[in-house]
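Participant: Next comes work.cif, mmCIF, C-alpha atoms:
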```cif
data_final
loop_
_atom_site.label_atom_id
_atom_site.label_comp_id
_atom_site.auth_asym_id
_atom_site.auth_seq_id
_atom_site.Cartn_x
_atom_site.Cartn_y
_atom_site.Cartn_z
CA MET W 1287 132.45 134.63 -130.81
CA GLU W 1288 131.22 131.54 -128.98
CA THR W 1289 133.95 129.36 -127.53
CA THR W 1290 133.57 125.60 -127.80
CA ILE W 1291 135.72 123.33 -125.68
CA PHE W 1292 136.63 120.02 -127.27
CA PRO W 1293 135.96 116.86 -125.25
CA THR W 1294 138.98 116.08 -123.11
CA PRO W 1295 140.38 112.76 -121.90
CA ALA W 1296 139.32 111.40 -118.55
CA LEU W 1297 141.52 113.27 -116.10
CA SER W 1298 141.18 110.67 -113.37
CA SER W 1299 143.41 108.32 -115.35
CA ILE W 1300 146.27 110.81 -115.68
CA PRO W 1301 148.66 110.88 -112.69
CA ILE W 1302 149.45 114.59 -112.81
CA THR W 1303 151.75 115.09 -109.85
CA SER W 1304 154.04 112.29 -110.94
CA ARG W 1305 154.52 113.66 -114.42
CA TRP W 1306 155.71 117.21 -113.92
CA PRO W 1307 159.41 117.28 -113.06
CA LYS W 1308 160.38 119.99 -110.60
CA PRO W 1309 162.63 122.69 -112.06
CA ASN W 1310 166.23 122.79 -110.95
CA ARG W 1311 166.08 125.69 -108.48
CA SER W 1312 169.84 126.04 -108.27
CA ARG W 1313 170.20 126.91 -111.92
CA ARG W 1314 171.30 130.52 -112.48
CA THR W 1315 171.17 130.73 -116.25
CA ILE W 1316 169.04 129.60 -119.12
CA VAL W 1317 170.31 128.38 -122.46
CA SER W 1318 168.31 129.25 -125.54
CA LEU W 1319 169.15 127.15 -128.58
CA LEU W 1320 167.31 128.06 -131.76
CA THR W 1321 167.30 125.57 -134.58
CA PRO W 1322 166.64 127.22 -137.95
CA SER W 1323 165.79 124.66 -140.59
CA LYS W 1324 168.72 125.37 -142.91
CA THR W 1325 171.36 126.96 -140.72
CA GLU W 1326 173.44 125.87 -137.78
CA ALA W 1327 171.95 126.51 -134.38
CA LYS W 1328 173.40 129.25 -132.21
CA ILE W 1329 173.65 128.95 -128.44
CA THR W 1330 173.10 132.04 -126.32
CA THR W 1331 173.65 131.94 -122.57
CA VAL W 1332 172.14 134.83 -120.60
CA PRO W 1333 171.49 135.43 -116.90
CA LYS W 1334 167.99 134.45 -115.85
CA THR W 1335 165.89 137.35 -114.64
CA VAL W 1336 165.22 137.36 -110.89
CA TYR W 1337 161.81 138.71 -109.90
CA LYS W 1338 160.88 140.05 -106.48
CA ASP W 1339 157.10 139.80 -106.53
CA ASN W 1340 155.20 142.07 -104.14
CA TRP W 1341 151.87 141.23 -102.49
CA TYR W 1342 149.85 142.37 -105.51
CA ASP W 1343 152.03 140.34 -107.90
CA ARG W 1344 151.68 137.20 -105.79
CA LEU W 1345 147.93 137.68 -105.47
CA ALA W 1346 147.50 138.12 -109.24
CA ILE W 1347 149.77 135.15 -110.06
CA ASP W 1348 147.92 132.85 -107.67
CA TYR W 1349 144.55 134.01 -109.01
CA LEU W 1350 145.43 133.34 -112.65
CA SER W 1351 147.17 130.05 -111.85
CA LYS W 1352 144.10 128.86 -109.95
CA ALA W 1353 141.84 129.91 -112.86
CA VAL W 1354 143.91 127.83 -115.29
CA GLN W 1355 144.04 124.82 -112.95
CA ASP W 1356 140.30 124.96 -112.25
CA THR W 1357 139.44 125.27 -115.94
CA VAL W 1358 141.39 122.19 -117.01
CA GLY W 1359 140.92 120.21 -113.79
CA MET W 1360 144.64 119.73 -113.22
CA LYS W 1361 146.06 120.79 -109.88
CA ASN W 1362 149.71 121.25 -108.95
CA LYS W 1363 151.49 121.83 -105.64
CA GLU W 1364 153.86 124.56 -106.79
CA THR W 1365 153.65 128.14 -105.57
CA GLY W 1366 154.14 131.56 -107.13
CA TYR W 1367 154.94 132.00 -110.80
CA GLU W 1368 156.22 128.44 -110.99
CA SER W 1369 152.68 127.25 -110.27
CA LEU W 1370 151.38 129.19 -113.28
CA VAL W 1371 154.08 127.81 -115.57
CA VAL W 1372 153.49 124.22 -114.41
CA ALA W 1373 149.75 124.67 -114.99
CA ALA W 1374 150.48 125.94 -118.50
CA GLU W 1375 152.82 123.00 -119.16
CA ALA W 1376 150.02 120.62 -118.14
CA VAL W 1377 147.71 122.20 -120.70
CA PHE W 1378 150.40 122.14 -123.38
CA GLN W 1379 151.29 118.50 -122.89
CA ASN W 1380 147.77 117.10 -122.60
CA PHE W 1381 145.75 118.95 -125.25
CA ASP W 1382 146.14 119.65 -128.94
CA PRO W 1383 146.89 123.24 -130.12
CA ILE W 1384 143.25 124.20 -130.77
CA GLN W 1385 142.16 122.90 -127.38
CA GLN W 1386 145.09 124.70 -125.71
CA ARG W 1387 143.97 128.06 -127.09
CA GLN W 1388 140.34 127.46 -126.20
CA LEU W 1389 141.19 126.43 -122.64
CA VAL W 1390 143.31 129.55 -122.09
CA VAL W 1391 140.51 131.77 -123.41
CA LYS W 1392 138.11 129.99 -121.07
CA SER W 1393 140.53 130.52 -118.16
CA LEU W 1394 140.73 134.24 -118.92
CA GLN W 1395 136.95 134.46 -119.14
CA ASN W 1396 136.69 132.77 -115.76
CA ALA W 1397 139.34 135.10 -114.28
CA ILE W 1398 137.77 138.35 -115.54
CA PRO W 1399 134.03 138.77 -114.84
CA GLY W 1400 131.95 139.09 -117.99
CA PRO W 1401 130.03 142.18 -116.81
CA PHE W 1402 133.32 144.02 -116.23
CA SER W 1403 134.68 143.30 -119.72
CA LEU W 1404 131.30 144.17 -121.26
CA LEU W 1405 131.29 147.49 -119.42
CA ILE W 1406 134.77 148.34 -120.69
CA LYS W 1407 133.79 147.29 -124.22
CA THR W 1408 130.70 149.51 -124.11
CA LEU W 1409 132.30 152.58 -122.57
CA MET W 1410 135.55 152.43 -124.55
CA PRO W 1411 134.96 151.72 -128.24
CA PRO W 1412 138.07 151.59 -130.47
CA SER W 1413 139.72 155.03 -130.51
CA LYS W 1414 143.06 156.67 -129.90
CA PHE W 1415 142.13 157.05 -126.23
CA SER W 1416 141.19 153.37 -125.77
CA ARG W 1417 144.32 152.13 -127.57
CA GLU W 1418 146.58 154.29 -125.46
CA TYR W 1419 144.61 153.42 -122.34
CA PHE W 1420 145.02 149.67 -122.87
CA ALA W 1421 148.73 150.10 -123.55
CA ALA W 1422 149.28 152.15 -120.39
CA PHE W 1423 147.07 149.82 -118.33
CA THR W 1424 149.13 146.82 -119.42
CA THR W 1425 152.44 148.37 -118.35
CA ILE W 1426 151.03 149.30 -114.94
CA PHE W 1427 149.11 146.20 -113.94
CA PHE W 1428 150.68 143.26 -115.81
CA PRO W 1429 154.48 143.29 -115.35
CA TRP W 1430 153.97 140.39 -112.90
CA LEU W 1431 152.83 138.28 -115.87
CA ILE W 1432 154.91 139.53 -118.79
CA GLY W 1433 157.91 141.20 -117.17
CA PRO W 1434 159.15 144.81 -117.34
CA CYS W 1435 157.54 146.74 -120.17
CA GLU W 1436 157.05 150.25 -121.49
CA VAL W 1437 154.79 152.17 -123.84
CA LYS W 1438 156.18 153.09 -127.25
CA GLU W 1439 154.91 155.61 -129.76
CA SER W 1440 154.34 154.93 -133.44
CA GLU W 1441 152.29 156.23 -136.33
CA PHE W 1442 148.74 154.94 -136.52
CA GLU W 1443 146.23 156.03 -139.17
CA GLY W 1444 148.22 159.14 -139.96
CA SER W 1445 148.96 160.36 -136.43
CA LYS W 1446 151.29 159.54 -133.56
CA GLU W 1447 149.95 157.30 -130.83
CA ARG W 1448 151.39 155.66 -127.73
CA HIS W 1449 149.67 152.34 -128.35
CA ILE W 1450 152.51 149.81 -128.38
CA VAL W 1451 153.68 147.90 -125.31
CA HIS W 1452 157.31 146.83 -125.59
CA ILE W 1453 158.12 143.89 -123.31
CA LYS W 1454 161.87 143.84 -122.77
CA LYS W 1455 162.05 140.12 -121.91
CA CYS W 1456 158.84 138.15 -121.56
CA ARG W 1457 158.65 136.47 -118.18
CA PHE W 1458 156.41 133.68 -119.44
CA LEU W 1459 158.63 132.89 -122.44
CA GLU W 1460 161.78 132.97 -120.31
CA SER W 1461 160.20 130.72 -117.67
CA SER W 1462 158.79 128.18 -120.13
CA ASN W 1463 161.63 128.44 -122.69
CA CYS W 1464 159.13 127.17 -125.25
CA ALA W 1465 158.03 128.98 -128.42
CA GLY W 1466 155.01 126.70 -128.74
CA MET W 1467 153.73 127.64 -125.29
CA CYS W 1468 154.27 131.30 -126.15
CA THR W 1469 152.17 131.10 -129.32
CA ASN W 1470 149.42 128.69 -128.19
CA LEU W 1471 149.06 129.67 -124.53
CA CYS W 1472 149.77 133.40 -124.71
CA LYS W 1473 149.84 135.12 -128.09
CA ILE W 1474 146.86 133.57 -129.91
CA PRO W 1475 144.40 133.22 -127.00
CA SER W 1476 145.28 136.68 -125.64
CA GLN W 1477 144.66 138.27 -129.02
CA GLU W 1478 141.31 136.50 -129.26
CA PHE W 1479 140.26 137.27 -125.69
CA ILE W 1480 141.13 140.97 -125.80
CA LYS W 1481 139.39 141.46 -129.16
CA ASN W 1482 136.21 139.59 -128.22
CA SER W 1483 135.95 140.73 -124.61
CA PHE W 1484 137.07 144.36 -124.88
CA GLY W 1485 136.44 145.12 -128.54
CA ILE W 1486 139.97 146.22 -129.38
CA PRO W 1487 142.29 144.25 -131.68
CA VAL W 1488 145.86 143.57 -130.62
CA ASN W 1489 148.76 141.96 -132.45
CA MET W 1490 151.39 140.33 -130.29
CA VAL W 1491 154.79 140.00 -131.97
CA PRO W 1492 157.29 137.97 -129.93
CA ASN W 1493 160.99 137.94 -130.76
CA PHE W 1494 162.35 134.48 -130.00
CA ASP W 1495 165.97 135.64 -130.31
CA ASP W 1496 165.96 138.00 -127.32
CA MET W 1497 162.59 136.99 -125.76
CA SER W 1498 161.17 140.48 -126.18
CA CYS W 1499 157.66 141.12 -127.46
CA GLU W 1500 155.48 143.94 -128.74
CA MET W 1501 151.75 144.25 -128.14
CA ILE W 1502 150.34 146.53 -130.83
CA PHE W 1503 146.89 147.72 -129.77
CA GLY W 1504 144.60 148.62 -132.64
CA GLN W 1505 146.30 146.29 -135.12
CA ASP W 1506 144.60 143.08 -136.23
CA PRO W 1507 146.96 140.10 -136.16
CA PRO W 1508 147.55 138.26 -139.45
CA ALA W 1509 145.67 135.06 -140.15
CA LEU W 1510 147.29 132.08 -138.46
CA GLU W 1511 148.42 130.58 -141.75
CA ASP W 1512 150.13 133.88 -142.65
CA ASP W 1513 151.58 134.82 -139.27
CA PRO W 1514 155.40 134.64 -139.52
CA VAL W 1515 155.65 134.02 -135.77
CA LEU W 1516 154.01 130.62 -136.23
CA LYS W 1517 156.65 129.63 -138.77
CA GLN W 1518 159.51 130.06 -136.31
CA PRO W 1519 161.44 127.02 -135.07
CA CYS W 1520 161.08 126.07 -131.42
CA TYR W 1521 163.84 126.28 -128.87
CA LYS W 1522 166.04 123.19 -129.00
CA LEU W 1523 166.17 123.07 -125.21
CA CYS W 1524 162.44 123.46 -124.76
CA LYS W 1525 161.42 122.85 -121.13
CA VAL W 1526 158.44 120.66 -121.99
CA LYS W 1527 159.50 117.21 -123.13
CA HIS W 1528 157.65 116.37 -126.34
CA LYS W 1529 158.09 116.77 -130.06
CA HIS W 1530 157.37 119.84 -132.16
CA ASP W 1531 157.23 120.36 -135.87
CA THR W 1532 159.28 123.17 -137.38
CA SER W 1533 156.46 125.71 -137.00
CA CYS W 1534 156.14 124.87 -133.29
CA VAL W 1535 152.35 125.00 -133.39
CA THR W 1536 151.44 121.35 -134.00
CA LEU W 1537 151.71 119.17 -130.96
CA VAL W 1538 152.75 115.57 -131.52
CA LYS W 1539 151.57 113.91 -128.36
CA GLU W 1540 152.19 110.24 -127.64
CA ILE W 1541 150.87 109.14 -124.28
CA ARG W 1542 152.15 105.85 -122.97
CA SER W 1543 149.84 103.57 -121.05
CA ASP W 1544 151.52 104.64 -117.82
CA GLY W 1545 150.63 108.29 -118.50
CA THR W 1546 154.06 109.63 -119.43
CA ASN W 1547 155.06 111.32 -122.68
CA ARG W 1548 157.38 109.70 -125.21
CA ASN W 1549 160.27 111.93 -126.28
#
```
What does this structure look like when you write it as structure tokens?

Facilitator:
Amino acid sequence: METTIFPTPALSSIPITSRWPKPNRSRRTIVSLLTPSKTEAKITTVPKTVYKDNWYDRLAIDYLSKAVQDTVGMKNKETGYESLVVAAEAVFQNFDPIQQRQLVVKSLQNAIPGPFSLLIKTLMPPSKFSREYFAAFTTIFFPWLIGPCEVKESEFEGSKERHIVHIKKCRFLESSNCAGMCTNLCKIPSQEFIKNSFGIPVNMVPNFDDMSCEMIFGQDPPALEDDPVLKQPCYKLCKVKHKHDTSCVTLVKEIRSDGTNRN
């Protein structure tokens, strides 16, 4: 599928470094406040996961963060995983949902050479082996991005397969604390990229209550209008400071003349 990037606003007029507030590094916990439309919100306070990234983790984080920043033309001065999250926040705050997904797909295409993905797609057509391979590969090489995860077994087309990746607590969702960033900058573009680049469908099913997620290789995700994940309310204490609708997929962006967002 050919990816088309929508025209974007002139970046020279947007003072990036002055608009991204630095996270409070002394904070030890995160507060997740879900706001269901017809019920009272519940507050859950849990310890924030502390990651000790090794050299490979840091190299991969910097590589992906740079790919995102280069794709959208928005640089930041942060380091480590924080740099990746700030880059994602910049995309989320400055582009509409369709553009967000397209820019992430473009970033992934820039990060992973086309010949490599084409080779994998050619040599590993959809099969039990490829589904289990992708699941195992994810748990080995991507905990730096998504957090600790494990392969789970389930029934698929009449037989047992180990084709599901269970993410215990998504690192990206915990760091961003934003359901909209999860759906538009991770779930939807990842599903599209993996299917188009490697030829294998995957359905990502995040749980916004405990921040876990399941990646089900071999399963096509539902259409966007039917996906229950996109009907979930956003976190009340979302890190990014702008408005959401109740489905948390439509971005209401109001840019003031001085380049800041109205809340």

Participant: Find the residues near Asn1489 in chain W: any atom within 10 Å, counting only C-alpha atoms, skip ones fewer than 2 places away on the same chain, and give them as JSON, numbers by chain.

Facilitator: {"W": [1450, 1473, 1474, 1476, 1477, 1478, 1481, 1487, 1491, 1492, 1500, 1501, 1502, 1503, 1504, 1505, 1506, 1507, 1508]}

Participant: Could you dump the residues just selected with C-alpha atoms as a PDB file, keeping the file's coordinate frame?

Facilitator:
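Okay, result21.pdb is ready:
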```pdb
ATOM      1  CA  ILE W1450     152.510 149.810-128.380  1.00  0.00           C
ATOM      2  CA  LYS W1473     149.840 135.120-128.090  1.00  0.00           C
ATOM      3  CA  ILE W1474     146.860 133.570-129.910  1.00  0.00           C
ATOM      4  CA  SER W1476     145.280 136.680-125.640  1.00  0.00           C
ATOM      5  CA  GLN W1477     144.660 138.270-129.020  1.00  0.00           C
ATOM      6  CA  GLU W1478     141.310 136.500-129.260  1.00  0.00           C
ATOM      7  CA  LYS W1481     139.390 141.460-129.160  1.00  0.00           C
ATOM      8  CA  PRO W1487     142.290 144.250-131.680  1.00  0.00           C
ATOM      9  CA  VAL W1491     154.790 140.000-131.970  1.00  0.00           C
ATOM     10  CA  PRO W1492     157.290 137.970-129.930  1.00  0.00           C
ATOM     11  CA  GLU W1500     155.480 143.940-128.740  1.00  0.00           C
ATOM     12  CA  MET W1501     151.750 144.250-128.140  1.00  0.00           C
ATOM     13  CA  ILE W1502     150.340 146.530-130.830  1.00  0.00           C
ATOM     14  CA  PHE W1503     146.890 147.720-129.770  1.00  0.00           C
ATOM     15  CA  GLY W1504     144.600 148.620-132.640  1.00  0.00           C
ATOM     16  CA  GLN W1505     146.300 146.290-135.120  1.00  0.00           C
ATOM     17  CA  ASP W1506     144.600 143.080-136.230  1.00  0.00           C
ATOM     18  CA  PRO W1507     146.960 140.100-136.160  1.00  0.00           C
ATOM     19  CA  PRO W1508     147.550 138.260-139.450  1.00  0.00           C
TER      20      PRO W1508
END
```

Participant: Of the residues W:Leu1471, W:Ala1376, W:Leu1459, W:Val1371, which is the one nearest to Val1391 in chain W, using only C-alpha atoms?

Facilitator: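 Between W:Leu1471, W:Ala1376, W:Leu1459, W:Val1371, the residue approaching Val1391 in chain W most closely is W:Leu1471.
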
Participant: Name the residues that the PyMOL selection byres ((chain W and resi 1368) around 10) picks from the file above, as a ChimeraX atom specification, using the file's chain letters and numbers.

Facilitator: /W:1308-1309,1347-1348,1351,1362-1367,1369-1374,1458,1461-1462

Participant: Hey, what's within 12 Å of Met1410 in chain W if we count all atoms listed in the file and toss same-chain stuff fewer than 5 positions away? As a list in words, please?

Facilitator: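 The neighbour list is Ser1403, Leu1404, Leu1405, Phe1415, Ser1416, Arg1417, Glu1418, Tyr1419, Phe1420, Ser1483, Phe1484, Gly1485 and Ile1486 of chain W.
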
Participant: Counting all atoms listed in the file, figure out which residue out of W:Glu1441, W:His1452, W:Gln1379, W:Tyr1349 gets nearest to Ser1498 in chain W.

Facilitator: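 Closest candidate: W:His1452.
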
Participant: I'd like the interatomic distance between CA of Trp1341 in chain W and CA of Ala1421 in chain W, to a tenth of an Å.

Facilitator: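 According to the coordinates, CA of Trp1341 in chain W and CA of Ala1421 in chain W are separated by 23.1 Å.
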
Participant: Apply the PyMOL selection byres ((chain W and resi 1383-1387) around 6) to the structure shown and report the selected residues as a VMD selection string.

Facilitator: chain W and resid 1381 to 1382 1388 to 1390 1470 to 1471 1475

Participant: If you count all atoms listed in the file, which residues fall within 9 Å of Gly1433 in chain W, apart from same-chain ones fewer than 4 positions away, as a PyMOL selection string?

Facilitator: chain W and resi 1337+1428-1429+1453-1458

Participant: Which one is closest to Lys1446 in chain W: W:Gln1518, W:Leu1409, W:Ile1432, W:Lys1414? Count all atoms listed in the file.

Facilitator: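 For Lys1446 in chain W, the nearest of the given residues is W:Lys1414.
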
Participant: Could you tell me how far CA of Ala1422 in chain W sits from CA of His1449 in chain W, in Å to one decimal place?

Facilitator: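 Here the two named atoms are 8.0 Å from each other.
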
Participant: With only C-alpha atoms as the counted atoms, please give the residues lying no more than 10 Å from Lys1338 in chain W, apart from itself and same-chain residues fewer than 5 positions off, as a list of chain:residue names.

Facilitator: W:Asp1343, W:Arg1344, W:Trp1430

Participant: Rank W:Phe1494, W:Ser1440, W:Phe1479, W:Met1467 by their smallest atom-to-atom distance to Gly1400 in chain W, using all atoms listed in the file, and report the top residue only.

Facilitator: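 Comparing W:Phe1494, W:Ser1440, W:Phe1479, W:Met1467 against Gly1400 in chain W, the winner is W:Phe1479.
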
Participant: May I ask for the distance between CA of Thr1335 in chain W and CA of Asp1495 in chain W, given in Å to one decimal place?

Facilitator: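 According to the coordinates, CA of Thr1335 in chain W and CA of Asp1495 in chain W are separated by 15.8 Å.
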
Participant: From the options W:Pro1519, W:Leu1345, W:Asn1340, W:Ala1397, which residue's atoms come nearest to Ala1465 in chain W, counting only C-alpha atoms?

Facilitator: W:Pro1519
